[in-house]
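For reference, the structure is listed below as structure tokens.
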Amino acid sequence: MNREKNIQKIKEYPDEWDVIIIGGGATGLGAAVDSASRGFKTLLVEMSDFAKATSSRSTKLIHGGLRYLQQGNISLVIEALKERGLLCQNAPHLVHHMSFLVPSYKWWEGPFYGIGIKIYDMLAGKLGLEPSKSLTKKETLKAIPTLEEKGLRGGIVYYDGQFDDSRLAITLARTFEELGGTAINYMKVTGIHKVKGLCTGVKVKDLESGENHLLKGKVIINATGIFTDTIRKLDDDKCQNIIAPSQGIHLVLPKKFQPKNTAILVPQTEDGRVLFIVPWHDRLLLGTTDTEVKKPVLEPEARKSEVKFLLEHAAHYFAIPPKESDILSVFAGLRPLIKSREEEGSSSISRDHSILVSNSGLITIAGGKWTTYRKMGEDVINKAIVVGGLPERSCITRSLKLHGWMEDVDLKDPLSLYGSEARLIRGLESERKDLKEPIHADLPYKKSEVVWAVRKEMARTVEDVLARRTRSLLLDARASLSCAKLVAELIAKELGRPPSWIENQCSEYKELAQKYIYHGTEKI
Ligand code: FAD
């Protein structure tokens, strides 16, 4: 993906788009891949970097959602389980099976959750993963030796999907371009263009050059997650808000608290939340919370009360509980939930997606989850065909292999997430030996990945590389900060940036990383 070339394209052909998509998160990218794969001339514009907002801040699960089963939303669970199966087939380099253990400390938990999980297995049908099974206390402790033993009665093991969210987003962007689509980051929609009351284009501002452009298309799709209402108001300033953002945070902890490769699921905390403790890139993710927030922001911050909640609850399940000083990174994300009745708490708001068409023809798609991004893309492009009078063409993404797809992925290979492209990154390393060097002793990334991110994945800033092309910021915020200058220098060399750019990038990254380093209250 080359940003300069894509800017050139929109300058040469501003008026010829079939579909223009606003927003480069899971929803927008899913719609873009669907649209381009049906042969529509498609443009996607993202105001920040791809997956900058919610789509890089998830729990990293491709799952049906046991909680939605508890809530009785069977159709959502069936749909998500089907999507889980398809994604395991279409992106085996990015999504893999993971075992989850539900420990039981009360007599009724084993049979109660056991039945629920069997139903979960059954709902997956032909696309199911390995079957669940009940464990004795001894087997449970063998599976997770660091589990709190006091009061433990046994456990249930079941299987779900796990992935790397921003890597999947970048892979979708690359798949989209491979299909002939055009994606541009740092390109903000500032207005909706209308002719005789009908939406015919978007006004955009290039946030790198400051240039403005007017781009016209047959259909405009608003896929801006928590910013959905901001775009809707550009179309109709009197419309009512439909999004109720809800914050969820995660703590990243060293693997020593749970060295085995099995996740823990606590189906019900005091406030009715599900708690996950998930191995990820040789660390543990502990999450999540559900905190109502008033306004959408690109960089939400964890509250101390949320961190306290997670540590307190995790302490019930670890023989040696993690402390504030163990936190390697803390990150927050905002769920773009569709509003329901006022009195309901946000953990009970639907995770289904909705598609709305305004009087001017602006299509909005919102809600849903990462797991169902493909189905959301299919649904919204079906709608776009009707609204924009596009030729009827069937969806083909159910069996569309994503960029880098390969057989027999070796998950132990540190470059496995790149799939078939890993060998090209290794090729870079054999051309320039210095690129084999790690960017930091505590991070699993090499300089070659930085160069690759700039050359092939449209990374423009230190943050793009450290937060989303690699996951350094999440894996160890302090370590990521200490290699920011090195990364800035590598990017500057690739993009031809002056020394002042390196300085600015380092200070901007420092400010950002401070938000991910937990400055707790506890005496160390
Ligand atoms: P976003 O990712 O927010 O993308 C919208 C994009 O629009 C942003 O990048 C934004 O910059 C861009 N944009 C906004 N305004 C403009 C503009 N004017 N011009 C151009 N671009 C603009 N789902 C799962 O399936 N599994 C999970 O484990 C899971 N865990 C989660 C945990 C948490 C804590 C949270 C918050 C969510 C989780 N989800 C999970 C849900 C999932 O992450 C979201 O549903 C999904 O990422 C939403 O994607 P989106 O594209 O709709 O929104």
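Chain labels follow the order of the structure tokens: the first chain is A, the next B, and so on; residue numbering restarts at 1 in every chain, and ligands are counted from 1 in their shown order.
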
Which of stretch 412-477 of chain A counts as helix (DSSP H, G or I) under DSSP, as an mmCIF file with all heavy atoms, in the first residue's frame please?
```cif
data_model
loop_
_atom_site.group_PDB
_atom_site.id
_atom_site.type_symbol
_atom_site.label_atom_id
_atom_site.label_comp_id
_atom_site.auth_asym_id
_atom_site.auth_seq_id
_atom_site.Cartn_x
_atom_site.Cartn_y
_atom_site.Cartn_z
ATOM 1 N N SER A 416 4.773 -15.423 11.956
ATOM 2 C CA SER A 416 3.635 -16.182 11.408
ATOM 3 C C SER A 416 2.439 -15.293 11.052
ATOM 4 O O SER A 416 1.681 -15.609 10.140
ATOM 5 C CB SER A 416 3.200 -17.290 12.372
ATOM 6 O OG SER A 416 2.728 -16.730 13.562
ATOM 7 N N LEU A 417 2.292 -14.155 11.765
ATOM 8 C CA LEU A 417 1.155 -13.261 11.495
ATOM 9 C C LEU A 417 1.192 -12.672 10.085
ATOM 10 O O LEU A 417 0.184 -12.189 9.579
ATOM 11 C CB LEU A 417 1.161 -12.098 12.486
ATOM 12 C CG LEU A 417 0.770 -12.420 13.923
ATOM 13 C CD1 LEU A 417 1.161 -11.280 14.836
ATOM 14 C CD2 LEU A 417 -0.729 -12.658 14.001
ATOM 15 N N TYR A 418 2.367 -12.691 9.454
ATOM 16 C CA TYR A 418 2.474 -12.155 8.093
ATOM 17 C C TYR A 418 2.122 -13.225 7.060
ATOM 18 O O TYR A 418 2.099 -12.932 5.865
ATOM 19 C CB TYR A 418 3.892 -11.645 7.822
ATOM 20 C CG TYR A 418 4.297 -10.480 8.699
ATOM 21 C CD1 TYR A 418 4.940 -10.675 9.916
ATOM 22 C CD2 TYR A 418 4.037 -9.178 8.300
ATOM 23 C CE1 TYR A 418 5.315 -9.605 10.714
ATOM 24 C CE2 TYR A 418 4.409 -8.100 9.089
ATOM 25 C CZ TYR A 418 5.052 -8.329 10.299
ATOM 26 O OH TYR A 418 5.406 -7.268 11.075
ATOM 27 N N GLY A 419 1.905 -14.453 7.522
ATOM 28 C CA GLY A 419 1.556 -15.535 6.606
ATOM 29 C C GLY A 419 2.629 -15.726 5.547
ATOM 30 O O GLY A 419 3.831 -15.738 5.839
ATOM 31 N N SER A 420 2.190 -15.810 4.274
ATOM 32 C CA SER A 420 3.137 -16.097 3.185
ATOM 33 C C SER A 420 4.148 -14.962 2.985
ATOM 34 O O SER A 420 5.145 -15.145 2.292
ATOM 35 C CB SER A 420 2.369 -16.355 1.893
ATOM 36 O OG SER A 420 1.585 -15.220 1.598
ATOM 37 N N GLU A 421 3.895 -13.798 3.575
ATOM 38 C CA GLU A 421 4.834 -12.683 3.380
ATOM 39 C C GLU A 421 6.034 -12.734 4.316
ATOM 40 O O GLU A 421 6.981 -11.947 4.169
ATOM 41 C CB GLU A 421 4.109 -11.356 3.562
ATOM 42 C CG GLU A 421 3.221 -11.048 2.381
ATOM 43 C CD GLU A 421 2.896 -9.593 2.237
ATOM 44 O OE1 GLU A 421 2.725 -8.940 3.293
ATOM 45 O OE2 GLU A 421 2.807 -9.113 1.098
ATOM 46 N N ALA A 422 5.999 -13.663 5.293
ATOM 47 C CA ALA A 422 7.116 -13.756 6.239
ATOM 48 C C ALA A 422 8.439 -13.941 5.484
ATOM 49 O O ALA A 422 9.461 -13.359 5.830
ATOM 50 C CB ALA A 422 6.878 -14.910 7.204
ATOM 51 N N ARG A 423 8.362 -14.718 4.405
ATOM 52 C CA ARG A 423 9.612 -14.989 3.670
ATOM 53 C C ARG A 423 10.135 -13.705 3.009
ATOM 54 O O ARG A 423 11.340 -13.540 2.832
ATOM 55 C CB ARG A 423 9.430 -16.135 2.671
ATOM 56 C CG ARG A 423 8.600 -15.816 1.514
ATOM 57 C CD ARG A 423 8.279 -16.959 0.591
ATOM 58 N NE ARG A 423 7.151 -16.551 -0.210
ATOM 59 C CZ ARG A 423 7.250 -15.775 -1.278
ATOM 60 N NH1 ARG A 423 8.413 -15.395 -1.709
ATOM 61 N NH2 ARG A 423 6.169 -15.391 -1.927
ATOM 62 N N LEU A 424 9.246 -12.791 2.652
ATOM 63 C CA LEU A 424 9.701 -11.535 2.045
ATOM 64 C C LEU A 424 10.393 -10.660 3.099
ATOM 65 O O LEU A 424 11.366 -9.953 2.809
ATOM 66 C CB LEU A 424 8.528 -10.779 1.417
ATOM 67 C CG LEU A 424 7.759 -11.544 0.329
ATOM 68 C CD1 LEU A 424 6.572 -10.755 -0.184
ATOM 69 C CD2 LEU A 424 8.707 -11.850 -0.835
ATOM 70 N N ILE A 425 9.888 -10.716 4.324
ATOM 71 C CA ILE A 425 10.521 -9.942 5.412
ATOM 72 C C ILE A 425 11.904 -10.541 5.699
ATOM 73 O O ILE A 425 12.882 -9.810 5.899
ATOM 74 C CB ILE A 425 9.619 -9.930 6.665
ATOM 75 C CG1 ILE A 425 8.290 -9.260 6.301
ATOM 76 C CG2 ILE A 425 10.291 -9.214 7.831
ATOM 77 C CD1 ILE A 425 7.250 -9.275 7.372
ATOM 78 N N ARG A 426 11.965 -11.861 5.661
ATOM 79 C CA ARG A 426 13.273 -12.507 5.845
ATOM 80 C C ARG A 426 14.212 -12.139 4.688
ATOM 81 O O ARG A 426 15.415 -11.996 4.882
ATOM 82 C CB ARG A 426 13.125 -14.028 5.939
ATOM 83 C CG ARG A 426 12.402 -14.434 7.178
ATOM 84 C CD ARG A 426 12.832 -15.793 7.718
ATOM 85 N NE ARG A 426 12.292 -15.915 9.056
ATOM 86 C CZ ARG A 426 11.057 -16.346 9.339
ATOM 87 N NH1 ARG A 426 10.250 -16.727 8.370
ATOM 88 N NH2 ARG A 426 10.640 -16.396 10.580
ATOM 89 N N GLY A 427 13.628 -11.953 3.526
ATOM 90 C CA GLY A 427 14.415 -11.531 2.361
ATOM 91 C C GLY A 427 15.063 -10.172 2.621
ATOM 92 O O GLY A 427 16.242 -9.949 2.320
ATOM 93 N N LEU A 428 14.287 -9.262 3.220
ATOM 94 C CA LEU A 428 14.831 -7.936 3.571
ATOM 95 C C LEU A 428 16.032 -8.090 4.498
ATOM 96 O O LEU A 428 17.044 -7.413 4.358
ATOM 97 C CB LEU A 428 13.783 -7.136 4.365
ATOM 98 C CG LEU A 428 12.698 -6.350 3.664
ATOM 99 C CD1 LEU A 428 11.874 -5.596 4.681
ATOM 100 C CD2 LEU A 428 13.345 -5.363 2.697
ATOM 101 N N GLU A 429 15.879 -9.033 5.457
ATOM 102 C CA GLU A 429 16.950 -9.252 6.441
ATOM 103 C C GLU A 429 18.209 -9.819 5.788
ATOM 104 O O GLU A 429 19.312 -9.535 6.246
ATOM 105 C CB GLU A 429 16.464 -10.208 7.542
ATOM 106 C CG GLU A 429 15.382 -9.595 8.404
ATOM 107 C CD GLU A 429 14.725 -10.609 9.327
ATOM 108 O OE1 GLU A 429 15.166 -11.773 9.382
ATOM 109 O OE2 GLU A 429 13.753 -10.231 10.001
ATOM 110 N N SER A 430 18.011 -10.614 4.737
ATOM 111 C CA SER A 430 19.245 -11.144 4.140
ATOM 112 C C SER A 430 19.915 -10.091 3.247
ATOM 113 O O SER A 430 21.120 -10.129 3.050
ATOM 114 C CB SER A 430 19.030 -12.469 3.420
ATOM 115 O OG SER A 430 17.894 -12.405 2.626
ATOM 116 N N GLU A 431 19.120 -9.119 2.759
ATOM 117 C CA GLU A 431 19.741 -8.019 1.994
ATOM 118 C C GLU A 431 20.493 -7.069 2.914
ATOM 119 O O GLU A 431 21.549 -6.551 2.583
ATOM 120 C CB GLU A 431 18.657 -7.187 1.298
ATOM 121 C CG GLU A 431 18.194 -7.731 -0.021
ATOM 122 C CD GLU A 431 16.869 -7.093 -0.433
ATOM 123 O OE1 GLU A 431 16.615 -5.907 -0.137
ATOM 124 O OE2 GLU A 431 16.061 -7.825 -1.043
ATOM 125 N N LYS A 433 21.755 -6.957 6.792
ATOM 126 C CA LYS A 433 21.890 -7.739 8.032
ATOM 127 C C LYS A 433 21.423 -6.960 9.271
ATOM 128 O O LYS A 433 20.900 -7.538 10.225
ATOM 129 C CB LYS A 433 23.352 -8.177 8.240
ATOM 130 C CG LYS A 433 23.878 -9.080 7.131
ATOM 131 C CD LYS A 433 23.297 -10.492 7.193
ATOM 132 C CE LYS A 433 23.770 -11.321 6.021
ATOM 133 N NZ LYS A 433 22.729 -11.893 5.189
ATOM 134 N N ASP A 434 21.632 -5.614 9.260
ATOM 135 C CA ASP A 434 21.257 -4.826 10.452
ATOM 136 C C ASP A 434 19.755 -4.937 10.735
ATOM 137 O O ASP A 434 19.311 -4.781 11.872
ATOM 138 C CB ASP A 434 21.658 -3.351 10.281
ATOM 139 C CG ASP A 434 20.919 -2.690 9.119
ATOM 140 O OD1 ASP A 434 20.980 -3.249 7.997
ATOM 141 O OD2 ASP A 434 20.261 -1.654 9.346
ATOM 142 N N LEU A 435 18.948 -5.259 9.703
ATOM 143 C CA LEU A 435 17.497 -5.327 9.916
ATOM 144 C C LEU A 435 17.070 -6.557 10.716
ATOM 145 O O LEU A 435 15.926 -6.664 11.148
ATOM 146 C CB LEU A 435 16.755 -5.291 8.572
ATOM 147 C CG LEU A 435 16.903 -4.002 7.767
ATOM 148 C CD1 LEU A 435 16.055 -4.071 6.507
ATOM 149 C CD2 LEU A 435 16.503 -2.775 8.586
ATOM 150 N N LYS A 436 18.004 -7.462 10.939
ATOM 151 C CA LYS A 436 17.720 -8.651 11.752
ATOM 152 C C LYS A 436 17.694 -8.311 13.246
ATOM 153 O O LYS A 436 17.213 -9.102 14.064
ATOM 154 C CB LYS A 436 18.821 -9.682 11.523
ATOM 155 C CG LYS A 436 18.387 -10.857 10.723
ATOM 156 C CD LYS A 436 19.429 -11.945 10.781
ATOM 157 C CE LYS A 436 18.919 -13.118 9.995
ATOM 158 N NZ LYS A 436 19.922 -14.010 9.564
ATOM 159 N N LYS A 447 13.940 -4.893 13.388
ATOM 160 C CA LYS A 447 13.951 -3.667 12.576
ATOM 161 C C LYS A 447 13.325 -3.915 11.208
ATOM 162 O O LYS A 447 12.729 -3.017 10.619
ATOM 163 C CB LYS A 447 15.396 -3.193 12.388
ATOM 164 C CG LYS A 447 16.039 -2.635 13.645
ATOM 165 C CD LYS A 447 17.446 -2.186 13.316
ATOM 166 C CE LYS A 447 18.180 -1.701 14.538
ATOM 167 N NZ LYS A 447 19.597 -1.413 14.247
ATOM 168 N N SER A 448 13.466 -5.141 10.695
ATOM 169 C CA SER A 448 12.898 -5.450 9.374
ATOM 170 C C SER A 448 11.390 -5.204 9.348
ATOM 171 O O SER A 448 10.834 -4.782 8.336
ATOM 172 C CB SER A 448 13.186 -6.909 9.017
ATOM 173 O OG SER A 448 12.700 -7.763 10.041
ATOM 174 N N GLU A 449 10.722 -5.448 10.479
ATOM 175 C CA GLU A 449 9.271 -5.266 10.517
ATOM 176 C C GLU A 449 8.882 -3.786 10.438
ATOM 177 O O GLU A 449 7.815 -3.432 9.937
ATOM 178 C CB GLU A 449 8.686 -5.925 11.766
ATOM 179 C CG GLU A 449 8.745 -7.442 11.676
ATOM 180 C CD GLU A 449 8.414 -8.121 12.978
ATOM 181 O OE1 GLU A 449 7.225 -8.317 13.271
ATOM 182 O OE2 GLU A 449 9.362 -8.467 13.719
ATOM 183 N N VAL A 450 9.774 -2.934 10.962
ATOM 184 C CA VAL A 450 9.514 -1.484 10.893
ATOM 185 C C VAL A 450 9.590 -1.041 9.429
ATOM 186 O O VAL A 450 8.696 -0.349 8.912
ATOM 187 C CB VAL A 450 10.547 -0.701 11.750
ATOM 188 C CG1 VAL A 450 10.289 0.801 11.653
ATOM 189 C CG2 VAL A 450 10.533 -1.183 13.194
ATOM 190 N N VAL A 451 10.660 -1.478 8.761
ATOM 191 C CA VAL A 451 10.852 -1.100 7.355
ATOM 192 C C VAL A 451 9.691 -1.648 6.511
ATOM 193 O O VAL A 451 9.120 -0.950 5.669
ATOM 194 C CB VAL A 451 12.225 -1.640 6.865
ATOM 195 C CG1 VAL A 451 12.365 -1.483 5.365
ATOM 196 C CG2 VAL A 451 13.347 -0.915 7.597
ATOM 197 N N TRP A 452 9.302 -2.886 6.784
ATOM 198 C CA TRP A 452 8.185 -3.517 6.069
ATOM 199 C C TRP A 452 6.888 -2.712 6.275
ATOM 200 O O TRP A 452 6.135 -2.458 5.325
ATOM 201 C CB TRP A 452 8.014 -4.951 6.569
ATOM 202 C CG TRP A 452 6.964 -5.711 5.828
ATOM 203 C CD1 TRP A 452 5.682 -5.939 6.226
ATOM 204 C CD2 TRP A 452 7.102 -6.328 4.540
ATOM 205 N NE1 TRP A 452 5.005 -6.666 5.277
ATOM 206 C CE2 TRP A 452 5.860 -6.917 4.229
ATOM 207 C CE3 TRP A 452 8.155 -6.431 3.639
ATOM 208 C CZ2 TRP A 452 5.643 -7.611 3.047
ATOM 209 C CZ3 TRP A 452 7.932 -7.125 2.455
ATOM 210 C CH2 TRP A 452 6.684 -7.695 2.164
ATOM 211 N N ALA A 453 6.655 -2.316 7.521
ATOM 212 C CA ALA A 453 5.431 -1.579 7.856
ATOM 213 C C ALA A 453 5.347 -0.279 7.053
ATOM 214 O O ALA A 453 4.270 0.109 6.580
ATOM 215 C CB ALA A 453 5.399 -1.285 9.353
ATOM 216 N N VAL A 454 6.487 0.388 6.889
ATOM 217 C CA VAL A 454 6.486 1.657 6.142
ATOM 218 C C VAL A 454 6.338 1.387 4.645
ATOM 219 O O VAL A 454 5.538 2.024 3.960
ATOM 220 C CB VAL A 454 7.783 2.453 6.421
ATOM 221 C CG1 VAL A 454 7.794 3.754 5.630
ATOM 222 C CG2 VAL A 454 7.922 2.736 7.912
ATOM 223 N N ARG A 455 7.084 0.411 4.146
ATOM 224 C CA ARG A 455 7.075 0.176 2.695
ATOM 225 C C ARG A 455 5.781 -0.444 2.191
ATOM 226 O O ARG A 455 5.330 -0.137 1.106
ATOM 227 C CB ARG A 455 8.232 -0.765 2.308
ATOM 228 C CG ARG A 455 9.569 -0.079 2.391
ATOM 229 C CD ARG A 455 10.650 -0.954 1.779
ATOM 230 N NE ARG A 455 11.960 -0.436 2.152
ATOM 231 C CZ ARG A 455 13.091 -1.101 1.992
ATOM 232 N NH1 ARG A 455 13.082 -2.305 1.467
ATOM 233 N NH2 ARG A 455 14.242 -0.559 2.356
ATOM 234 N N LYS A 456 5.205 -1.350 2.978
ATOM 235 C CA LYS A 456 4.077 -2.141 2.452
ATOM 236 C C LYS A 456 2.743 -1.926 3.172
ATOM 237 O O LYS A 456 1.706 -2.336 2.661
ATOM 238 C CB LYS A 456 4.407 -3.649 2.542
ATOM 239 C CG LYS A 456 5.645 -4.051 1.790
ATOM 240 C CD LYS A 456 5.397 -4.050 0.302
ATOM 241 C CE LYS A 456 6.643 -4.440 -0.442
ATOM 242 N NZ LYS A 456 6.472 -4.308 -1.886
ATOM 243 N N VAL A 462 5.584 6.866 14.255
ATOM 244 C CA VAL A 462 6.127 5.929 15.255
ATOM 245 C C VAL A 462 4.970 5.181 15.920
ATOM 246 O O VAL A 462 5.034 3.975 16.148
ATOM 247 C CB VAL A 462 6.969 6.704 16.299
ATOM 248 C CG1 VAL A 462 7.330 5.813 17.476
ATOM 249 C CG2 VAL A 462 8.225 7.258 15.643
ATOM 250 N N GLU A 463 3.900 5.905 16.198
ATOM 251 C CA GLU A 463 2.749 5.244 16.828
ATOM 252 C C GLU A 463 2.168 4.148 15.925
ATOM 253 O O GLU A 463 1.840 3.053 16.398
ATOM 254 C CB GLU A 463 1.665 6.280 17.153
ATOM 255 C CG GLU A 463 0.473 5.629 17.848
ATOM 256 C CD GLU A 463 -0.766 6.500 17.917
ATOM 257 O OE1 GLU A 463 -0.634 7.737 17.972
ATOM 258 O OE2 GLU A 463 -1.874 5.924 17.915
ATOM 259 N N ASP A 464 2.051 4.420 14.621
ATOM 260 C CA ASP A 464 1.506 3.394 13.706
ATOM 261 C C ASP A 464 2.314 2.104 13.838
ATOM 262 O O ASP A 464 1.750 1.006 13.874
ATOM 263 C CB ASP A 464 1.593 3.859 12.242
ATOM 264 C CG ASP A 464 0.728 5.076 11.947
ATOM 265 O OD1 ASP A 464 -0.089 5.430 12.804
ATOM 266 O OD2 ASP A 464 0.891 5.662 10.853
ATOM 267 N N VAL A 465 3.640 2.265 13.905
ATOM 268 C CA VAL A 465 4.502 1.074 13.960
ATOM 269 C C VAL A 465 4.437 0.412 15.327
ATOM 270 O O VAL A 465 4.256 -0.808 15.428
ATOM 271 C CB VAL A 465 5.966 1.456 13.613
ATOM 272 C CG1 VAL A 465 6.909 0.296 13.918
ATOM 273 C CG2 VAL A 465 6.072 1.851 12.146
ATOM 274 N N LEU A 466 4.551 1.201 16.382
ATOM 275 C CA LEU A 466 4.663 0.584 17.714
ATOM 276 C C LEU A 466 3.315 0.170 18.308
ATOM 277 O O LEU A 466 3.260 -0.735 19.149
ATOM 278 C CB LEU A 466 5.393 1.532 18.665
ATOM 279 C CG LEU A 466 6.899 1.683 18.371
ATOM 280 C CD1 LEU A 466 7.535 2.732 19.280
ATOM 281 C CD2 LEU A 466 7.629 0.353 18.540
ATOM 282 N N ALA A 467 2.234 0.801 17.870
ATOM 283 C CA ALA A 467 0.932 0.439 18.451
ATOM 284 C C ALA A 467 0.164 -0.561 17.607
ATOM 285 O O ALA A 467 -0.531 -1.409 18.152
ATOM 286 C CB ALA A 467 0.080 1.698 18.652
ATOM 287 N N ARG A 468 0.255 -0.476 16.258
ATOM 288 C CA ARG A 468 -0.644 -1.295 15.433
ATOM 289 C C ARG A 468 0.040 -2.228 14.431
ATOM 290 O O ARG A 468 -0.458 -3.317 14.206
ATOM 291 C CB ARG A 468 -1.650 -0.376 14.711
ATOM 292 C CG ARG A 468 -2.646 0.247 15.700
ATOM 293 C CD ARG A 468 -3.502 1.305 15.062
ATOM 294 N NE ARG A 468 -2.727 2.463 14.648
ATOM 295 C CZ ARG A 468 -2.398 3.471 15.454
ATOM 296 N NH1 ARG A 468 -2.814 3.483 16.704
ATOM 297 N NH2 ARG A 468 -1.661 4.476 15.008
ATOM 298 N N ARG A 469 1.186 -1.829 13.780
ATOM 299 C CA ARG A 469 1.857 -2.785 12.882
ATOM 300 C C ARG A 469 2.563 -3.823 13.759
ATOM 301 O O ARG A 469 2.501 -5.007 13.511
ATOM 302 C CB ARG A 469 2.856 -2.097 11.946
ATOM 303 C CG ARG A 469 2.284 -0.977 11.096
ATOM 304 C CD ARG A 469 1.096 -1.432 10.298
ATOM 305 N NE ARG A 469 0.580 -0.366 9.434
ATOM 306 C CZ ARG A 469 -0.166 0.658 9.853
ATOM 307 N NH1 ARG A 469 -0.512 0.752 11.130
ATOM 308 N NH2 ARG A 469 -0.605 1.569 8.998
ATOM 309 N N SER A 472 3.944 -3.386 20.185
ATOM 310 C CA SER A 472 4.888 -3.034 21.233
ATOM 311 C C SER A 472 4.270 -2.204 22.364
ATOM 312 O O SER A 472 4.519 -2.459 23.546
ATOM 313 C CB SER A 472 6.046 -2.241 20.623
ATOM 314 O OG SER A 472 6.575 -2.926 19.523
ATOM 315 N N LEU A 473 3.439 -1.223 21.986
ATOM 316 C CA LEU A 473 2.858 -0.339 23.001
ATOM 317 C C LEU A 473 1.999 -1.127 23.990
ATOM 318 O O LEU A 473 1.981 -0.831 25.181
ATOM 319 C CB LEU A 473 2.015 0.740 22.299
ATOM 320 C CG LEU A 473 1.277 1.725 23.192
ATOM 321 C CD1 LEU A 473 2.243 2.553 24.033
ATOM 322 C CD2 LEU A 473 0.386 2.667 22.365
ATOM 323 N N LEU A 474 1.301 -2.142 23.473
ATOM 324 C CA LEU A 474 0.441 -2.931 24.365
ATOM 325 C C LEU A 474 1.246 -3.968 25.149
ATOM 326 O O LEU A 474 0.919 -4.283 26.288
ATOM 327 C CB LEU A 474 -0.665 -3.647 23.589
ATOM 328 C CG LEU A 474 -1.597 -2.823 22.700
ATOM 329 C CD1 LEU A 474 -2.840 -3.633 22.357
ATOM 330 C CD2 LEU A 474 -2.020 -1.540 23.366
ATOM 331 N N LEU A 475 2.275 -4.501 24.529
ATOM 332 C CA LEU A 475 3.007 -5.590 25.191
ATOM 333 C C LEU A 475 3.885 -5.077 26.319
ATOM 334 O O LEU A 475 4.072 -5.759 27.329
ATOM 335 C CB LEU A 475 3.863 -6.357 24.179
ATOM 336 C CG LEU A 475 3.095 -7.069 23.060
ATOM 337 C CD1 LEU A 475 4.034 -7.921 22.237
ATOM 338 C CD2 LEU A 475 1.965 -7.929 23.621
ATOM 339 N N ALA A 477 4.649 -1.016 27.491
ATOM 340 C CA ALA A 477 4.627 0.413 27.128
ATOM 341 C C ALA A 477 5.980 1.085 27.388
ATOM 342 O O ALA A 477 6.446 1.890 26.576
ATOM 343 C CB ALA A 477 3.517 1.115 27.896
#
```

Pull the closest atom pair for each residue of stretch 343-427 of chain A that gets at most 7 Å from stretch 70-83 of chain A, along with the distance in Å to one decimal, counting only C-alpha atoms, ordering rows by chain and then ascending residue number, as JSON lines.
```
{"residue": "A:Asp352", "atom": "CA", "partner": "A:Leu76", "partner_atom": "CA", "distance": 6.6}
{"residue": "A:Thr371", "atom": "CA", "partner": "A:Ala80", "partner_atom": "CA", "distance": 6.1}
{"residue": "A:Thr372", "atom": "CA", "partner": "A:Ala80", "partner_atom": "CA", "distance": 5.7}
```

* Within 7 Å of ligand 1, counting only C-alpha atoms and all ligand atoms, residues as a PyMOL selection string -> chain A and resi 22-28+45-63+187-190+223-227+231+247-249+288+298+332-336+366-372

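For the pair atom CA of A:Ser132 and atom CA of A:Leu400, the separation is 28.8 Å.
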
Per residue of stretch 194-231 of chain A within 12 Å of stretch 176-185 of chain A, what are the shortest atom pair and its distance in Å to one decimal, counting only C-alpha atoms, with rows by chain and residue number, as a tab-separated table?
```
residue	atom	partner	partner_atom	distance
A:Val204	CA	A:Ile184	CA	11.0
A:Lys205	CA	A:Asn185	CA	10.9
A:Asp206	CA	A:Asn185	CA	8.7
A:Leu207	CA	A:Asn185	CA	8.9
A:Glu208	CA	A:Asn185	CA	9.6
```

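The residue set within 7 Å of A:Leu198, counting only C-alpha atoms and dropping same-chain residues fewer than 3 places from it, reads Lys194, Val195, Ser360 and Gly361 of chain A.
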
* To do: Please give the complete set of residues from stretch 144-381 of chain A that DSSP, run on the backbone, assigns to strand (DSSP E or B), formatted as a ChimeraX atom specification.
  => /A:147,154-163,182-184,187-195,198-206,212-222,243-254,262-266,275-280,283-287,291-292,318,329-338,353-357,363-367

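Near A:Ser134, within 7 Å and counting only C-alpha atoms, sit Gly155, Ile156 and Val157 of chain A, not including residues fewer than 5 positions from it in the same chain.
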
Keeping N, CA, C and O atoms for every residue in the selection just given, could you write it to a file as a PDB file, in the first residue's frame?
```
ATOM      1  N   GLY A 155     -13.376 -27.837  36.676  1.00  0.00           N
ATOM      2  CA  GLY A 155     -13.463 -26.825  35.618  1.00  0.00           C
ATOM      3  C   GLY A 155     -13.998 -27.412  34.328  1.00  0.00           C
ATOM      4  O   GLY A 155     -14.215 -28.617  34.218  1.00  0.00           O
ATOM      5  N   ILE A 156     -14.235 -26.522  33.373  1.00  0.00           N
ATOM      6  CA  ILE A 156     -14.667 -26.966  32.038  1.00  0.00           C
ATOM      7  C   ILE A 156     -13.735 -26.311  31.031  1.00  0.00           C
ATOM      8  O   ILE A 156     -13.422 -25.120  31.157  1.00  0.00           O
ATOM      9  N   VAL A 157     -13.301 -27.117  30.060  1.00  0.00           N
ATOM     10  CA  VAL A 157     -12.470 -26.555  28.992  1.00  0.00           C
ATOM     11  C   VAL A 157     -13.283 -26.505  27.712  1.00  0.00           C
ATOM     12  O   VAL A 157     -13.950 -27.469  27.363  1.00  0.00           O
TER      13      VAL A 157
END
```

* **Near-A:Thr461 list (8 Å; only C-alpha atoms; drop same-chain fewer than 4 positions) as a ChimeraX atom specification** => /A:465,488,491,505
